[in-house]
Amino acid sequence: MICENITMKEVSIPEGRSETRLFFAGQDTVELAKKYGTPLYLMDEDRVRANCRVYKEAFKKYCGPDAYPLYASKANSFTRIYEIMSEEGMGIDLVSSGELFTAIQAGYDVSRAYFHGNNKTDFDISYGMENGVGYFVMDNWEEVEAIEREAAARGIKQKALLRLTPGIDPHTFEAVATGKVDSKFGNAIETRQAEEITLFAMAQPHIDLLGFHCHIGSQIFGEDLFEKSAEIMLGFIEKMEKSHGFKTAELNLGGGYGVRYVEDDPHIDIEKKISQVADSINKTCEDLGIQVPLVHMEPGRSIVADAGMTLYTVGSVKRIPGYKNYVSVDGGMPDNPRFALYGSKYTCLLAENRDKSKDKGKDKGKDKDKDSFVCSVVGRCCESGDIIQENVNLPNDVRRGDILAVCTTGAYNYSMASNYNRIPRPPIVMLRGGEENYIAVKRETFEDIARNDIK
Ligand SMILES: *Cc1c(COP(=O)(O)O)cnc(C)c1O
């Protein structure tokens, strides 16, 4: 299985028969689907906490006692997740006033929050300062000016970082590659725009410029990319110190490591990777003769992705001989738009494997290929692009009413969900301790969907 929290277990069912069922975080997914209905987002709370601890402990160990990771909350933003981040001592990164509002609702101490985004509005800036956001990560000139203006009006000195683009193509999907020179985000080191905006920010009396941020993109597997971007950033930091006497206190390397969506994805030893990045930073700083800055990283996906699973109910199984097969489920692009957006890969599993050994005797296993067929798992929207995954292998006997699970949906699913076709968003049910489950986000109702309509 792609993650340890997913297992198949034999359970007894009526008439003395048994079947194997999919368990997530130690709990029977068929029972969870019955209890809460589908489509259903599940979140393994223990896994979220364990993922936080891997980063947190590695940061303490290798980057110094004051270093800590920030949860990039755009990956999955709801009140309960900010409570968990608060309990785990994680910093957070926010990209909108809506996320900030949610964090505040959760009682999260936002003096530990970093406010990101390439176009913070005047409202965002004033709402952020009003609520005591710790840090703004300034993206552009207009923002530096707006933050200076707002801080001056409030008579405060606002702590801030500047977002730079180190000019790295992460060899990942174009749509999530953000550290290249031609990015809409940040200021390119290569074009000297990074240096110009640094001088401009340094000159602002109400901005306390602490350092620099970069984010080279999501779903990063090669550790050398973090080392590489750190090296470029430190080269810039050295230049700012030697040419302009600017001492950098903080270096934020942006989003975290990749996760396994399918069996072919590599397994990443995050602790080891962080130790290597830290070693490389220490060595580069020594070579350059500069002080080692406080290092941050902002994992989103690798904190929540493998803690999530979506359960659907199968509706129709359509076979078009000689062409294609479809299995339709009761959700789709409104709850998971990632295949439609990026062609993202997912592992789909049927939650029940009915025991076929009785009819097939010893041939079981040999005939495995004949027992399954290849299909596209599609949603229920009026849109051909409403696909969860293509080329999925499912048992031949899949039928209406079966529960189908899509693994690793904890990141960028709920947070990207829409009400397309006026479909209510699924609830989020948290799982913990192997048997406890509770609702963290309620299922939307039709009334919720029409709430803002004026008659
Ligand atoms: C999206 C994003 C992250 C998180 O990236 P993951 O791949 O989810 O770890 C971190 N920082 C910034 C600025 C981002 O935009």
# chains A, B, ... in the order shown; residues from 1 in each chain; ligands from 1

call {"tool": "residues_near_ligand", "arguments": {"ligand": "ligand 1", "cutoff": "7 Å", "atoms": "only C-alpha atoms and all ligand atoms", "output": "PyMOL selection string"}}
result
chain A and resi 72+74-75+116+215+217-219+254-258+298-302

call {"tool": "write_last_selection", "arguments": {"atoms": "N, CA and C atoms", "output": "short mmCIF file (atom, residue, chain, number, x, y, z; two decimals), in the first residue's frame"}}
result
data_model
loop_
_atom_site.label_atom_id
_atom_site.label_comp_id
_atom_site.auth_asym_id
_atom_site.auth_seq_id
_atom_site.Cartn_x
_atom_site.Cartn_y
_atom_site.Cartn_z
N ALA A 72 1.68 24.96 5.46
CA ALA A 72 1.11 25.77 4.37
C ALA A 72 -0.38 25.45 4.32
N LYS A 74 -2.97 26.44 2.89
CA LYS A 74 -3.79 26.35 1.69
C LYS A 74 -4.02 24.89 1.28
N ALA A 75 -3.13 23.98 1.73
CA ALA A 75 -3.27 22.57 1.39
C ALA A 75 -4.59 21.99 1.91
N HIS A 116 1.18 35.14 2.94
CA HIS A 116 1.73 35.04 1.59
C HIS A 116 0.77 35.57 0.54
N HIS A 215 10.00 29.79 -3.03
CA HIS A 215 9.20 28.55 -3.08
C HIS A 215 9.31 28.04 -4.50
N GLY A 217 8.26 25.26 -5.85
CA GLY A 217 7.18 24.49 -6.45
C GLY A 217 6.79 23.33 -5.57
N SER A 218 5.72 22.70 -5.98
CA SER A 218 5.17 21.65 -5.15
C SER A 218 5.55 20.28 -5.69
N GLN A 219 5.33 19.28 -4.85
CA GLN A 219 5.59 17.87 -5.20
C GLN A 219 7.06 17.72 -5.63
N GLY A 254 10.29 27.69 1.60
CA GLY A 254 9.02 27.37 0.94
C GLY A 254 8.55 25.94 1.13
N GLY A 255 7.72 25.51 0.21
CA GLY A 255 6.93 24.27 0.35
C GLY A 255 7.72 23.00 0.44
N GLY A 256 7.08 22.02 0.96
CA GLY A 256 7.73 20.79 1.42
C GLY A 256 7.93 19.73 0.35
N TYR A 257 8.21 18.55 0.82
CA TYR A 257 8.53 17.42 -0.05
C TYR A 257 7.27 16.81 -0.66
N GLY A 258 7.50 15.97 -1.66
CA GLY A 258 6.40 15.29 -2.33
C GLY A 258 5.86 14.14 -1.50
N GLU A 298 7.95 25.34 4.50
CA GLU A 298 6.48 25.43 4.58
C GLU A 298 5.80 24.23 3.94
N PRO A 299 5.88 23.07 4.57
CA PRO A 299 5.21 21.91 3.99
C PRO A 299 3.70 22.01 4.12
N GLY A 300 3.01 21.70 3.04
CA GLY A 300 1.55 21.65 3.09
C GLY A 300 1.13 20.23 2.78
N ARG A 301 1.35 19.86 1.51
CA ARG A 301 0.99 18.54 1.02
C ARG A 301 1.51 17.41 1.92
N SER A 302 2.80 17.46 2.26
CA SER A 302 3.38 16.33 2.99
C SER A 302 2.93 16.28 4.45
#

call {"tool": "residues_around", "arguments": {"residues": "Val262 of chain A", "least_positions_apart": "3", "cutoff": "10 Å", "atoms": "only C-alpha atoms", "output": "number ranges by chain"}}
result
A: 1-3, 259, 265-266, 345-348, 407-408

call {"tool": "write_last_selection", "arguments": {"atoms": "N, CA and C atoms", "output": "PDB file, in the first residue's frame"}}
result
ATOM      1  N   MET A   1       0.845  -1.210   0.000  1.00  0.00           N
ATOM      2  CA  MET A   1       0.000   0.000   0.000  1.00  0.00           C
ATOM      3  C   MET A   1       0.881   1.262   0.000  1.00  0.00           C
ATOM      4  N   ILE A   2       0.312   2.348  -0.501  1.00  0.00           N
ATOM      5  CA  ILE A   2       1.121   3.552  -0.649  1.00  0.00           C
ATOM      6  C   ILE A   2       1.398   4.251   0.669  1.00  0.00           C
ATOM      7  N   CYS A   3       0.609   3.941   1.696  1.00  0.00           N
ATOM      8  CA  CYS A   3       0.864   4.544   3.003  1.00  0.00           C
ATOM      9  C   CYS A   3       0.488   3.534   4.087  1.00  0.00           C
ATOM     10  N   VAL A 259       4.699  13.654  -1.906  1.00  0.00           N
ATOM     11  CA  VAL A 259       4.115  12.500  -1.226  1.00  0.00           C
ATOM     12  C   VAL A 259       3.842  11.406  -2.265  1.00  0.00           C
ATOM     13  N   ASP A 265       5.590   6.196  -7.110  1.00  0.00           N
ATOM     14  CA  ASP A 265       6.217   7.382  -6.515  1.00  0.00           C
ATOM     15  C   ASP A 265       7.240   6.948  -5.462  1.00  0.00           C
ATOM     16  N   PRO A 266       8.388   7.627  -5.421  1.00  0.00           N
ATOM     17  CA  PRO A 266       9.409   7.227  -4.459  1.00  0.00           C
ATOM     18  C   PRO A 266       9.016   7.540  -3.020  1.00  0.00           C
ATOM     19  N   LYS A 345      -2.109  12.142 -10.491  1.00  0.00           N
ATOM     20  CA  LYS A 345      -2.305  10.703 -10.302  1.00  0.00           C
ATOM     21  C   LYS A 345      -2.871  10.399  -8.925  1.00  0.00           C
ATOM     22  N   TYR A 346      -3.718   9.384  -8.878  1.00  0.00           N
ATOM     23  CA  TYR A 346      -4.268   8.908  -7.605  1.00  0.00           C
ATOM     24  C   TYR A 346      -4.402   7.395  -7.642  1.00  0.00           C
ATOM     25  N   THR A 347      -4.411   6.809  -6.469  1.00  0.00           N
ATOM     26  CA  THR A 347      -4.686   5.385  -6.337  1.00  0.00           C
ATOM     27  C   THR A 347      -6.143   5.207  -5.930  1.00  0.00           C
ATOM     28  N   CYS A 348      -6.884   4.429  -6.741  1.00  0.00           N
ATOM     29  CA  CYS A 348      -8.293   4.164  -6.433  1.00  0.00           C
ATOM     30  C   CYS A 348      -8.443   2.697  -6.022  1.00  0.00           C
ATOM     31  N   CYS A 407      -7.201   7.419  -2.565  1.00  0.00           N
ATOM     32  CA  CYS A 407      -6.225   7.620  -1.492  1.00  0.00           C
ATOM     33  C   CYS A 407      -5.494   8.961  -1.642  1.00  0.00           C
ATOM     34  N   THR A 408      -4.886   9.399  -0.542  1.00  0.00           N
ATOM     35  CA  THR A 408      -3.978  10.555  -0.542  1.00  0.00           C
ATOM     36  C   THR A 408      -4.679  11.834  -0.990  1.00  0.00           C
TER      37      THR A 408
END

call {"tool": "closest_residue", "arguments": {"among": "A:Cys382, A:Ala405, A:Val374, A:Ala249", "to": "Tyr420 of chain A", "atoms": "only C-alpha atoms"}}
result
A:Cys382

call {"tool": "select_by_dssp", "arguments": {"residues": "segment 186-252 of chain A", "states": "strand (DSSP E)", "output": "VMD selection string"}}
result
chain A and resid 187 to 188 207 to 213 250 to 252

call {"tool": "write_last_selection", "arguments": {"atoms": "N, CA and C atoms", "output": "short mmCIF file (atom, residue, chain, number, x, y, z; two decimals), in the first residue's frame"}}
result
data_model
loop_
_atom_site.label_atom_id
_atom_site.label_comp_id
_atom_site.auth_asym_id
_atom_site.auth_seq_id
_atom_site.Cartn_x
_atom_site.Cartn_y
_atom_site.Cartn_z
N ASN A 187 10.49 38.08 -6.87
CA ASN A 187 11.42 38.96 -7.56
C ASN A 187 12.67 38.17 -7.95
N ALA A 188 13.01 38.24 -9.23
CA ALA A 188 14.09 37.39 -9.74
C ALA A 188 15.45 37.91 -9.30
N ILE A 207 8.90 49.07 8.12
CA ILE A 207 9.04 47.65 7.78
C ILE A 207 10.34 47.13 8.38
N ASP A 208 10.21 46.02 9.11
CA ASP A 208 11.38 45.37 9.68
C ASP A 208 11.69 44.16 8.79
N LEU A 209 12.58 44.38 7.83
CA LEU A 209 12.89 43.31 6.88
C LEU A 209 13.81 42.28 7.53
N LEU A 210 13.28 41.06 7.68
CA LEU A 210 14.04 40.02 8.39
C LEU A 210 14.82 39.12 7.45
N GLY A 211 14.33 39.01 6.21
CA GLY A 211 15.04 38.11 5.32
C GLY A 211 14.25 37.78 4.08
N PHE A 212 14.47 36.56 3.58
CA PHE A 212 13.97 36.22 2.25
C PHE A 212 13.26 34.87 2.20
N HIS A 213 12.36 34.79 1.24
CA HIS A 213 11.57 33.59 1.03
C HIS A 213 11.67 33.17 -0.43
N GLU A 250 16.38 35.61 8.58
CA GLU A 250 15.55 34.45 8.25
C GLU A 250 15.63 34.08 6.78
N LEU A 251 15.69 32.78 6.56
CA LEU A 251 15.61 32.26 5.19
C LEU A 251 14.51 31.21 5.18
N ASN A 252 13.50 31.47 4.36
CA ASN A 252 12.36 30.55 4.27
C ASN A 252 12.39 29.88 2.90
#

call {"tool": "closest_residue", "arguments": {"among": "A:Asp28, A:Asp287, A:Glu15, A:Glu83", "to": "Gln105 of chain A", "atoms": "only C-alpha atoms"}}
result
A:Glu83

call {"tool": "atom_distance", "arguments": {"atom1": "atom CA of Ile320 of chain A", "atom2": "atom CA of Ile423 of chain A"}}
result
27.5 Å

call {"tool": "closest_residue", "arguments": {"among": "A:Asp182, A:Glu352, A:Glu31, A:Asp139", "to": "Phe115 of chain A", "atoms": "only C-alpha atoms"}}
result
A:Asp139

call {"tool": "residues_around", "arguments": {"residues": "Asn413 of chain A", "least_positions_apart": "2", "cutoff": "10 Å", "atoms": "only C-alpha atoms", "output": "ChimeraX atom specification"}}
result
/A:41,75-76,305,308-310,333-338,408-411,415-418

call {"tool": "closest_residue", "arguments": {"among": "A:Arg354, A:Arg380, A:His296, A:Lys370", "to": "Tyr62 of chain A", "atoms": "only C-alpha atoms"}}
result
A:His296

call {"tool": "select_by_dssp", "arguments": {"residues": "segment 19-131 of chain A", "states": "helix (DSSP H, G or I)", "output": "PyMOL selection string"}}
result
chain A and resi 29-36+45-63+73-75+79-87+97-105+110-112+122-130

call {"tool": "atom_distance", "arguments": {"atom1": "atom CA of Ala230 of chain A", "atom2": "atom CA of Ala278 of chain A"}}
result
9.5 Å

call {"tool": "closest_residue", "arguments": {"among": "A:Asn118, A:Gln276, A:Gln389, A:Gln27", "to": "Leu341 of chain A", "atoms": "only C-alpha atoms"}}
result
A:Gln389
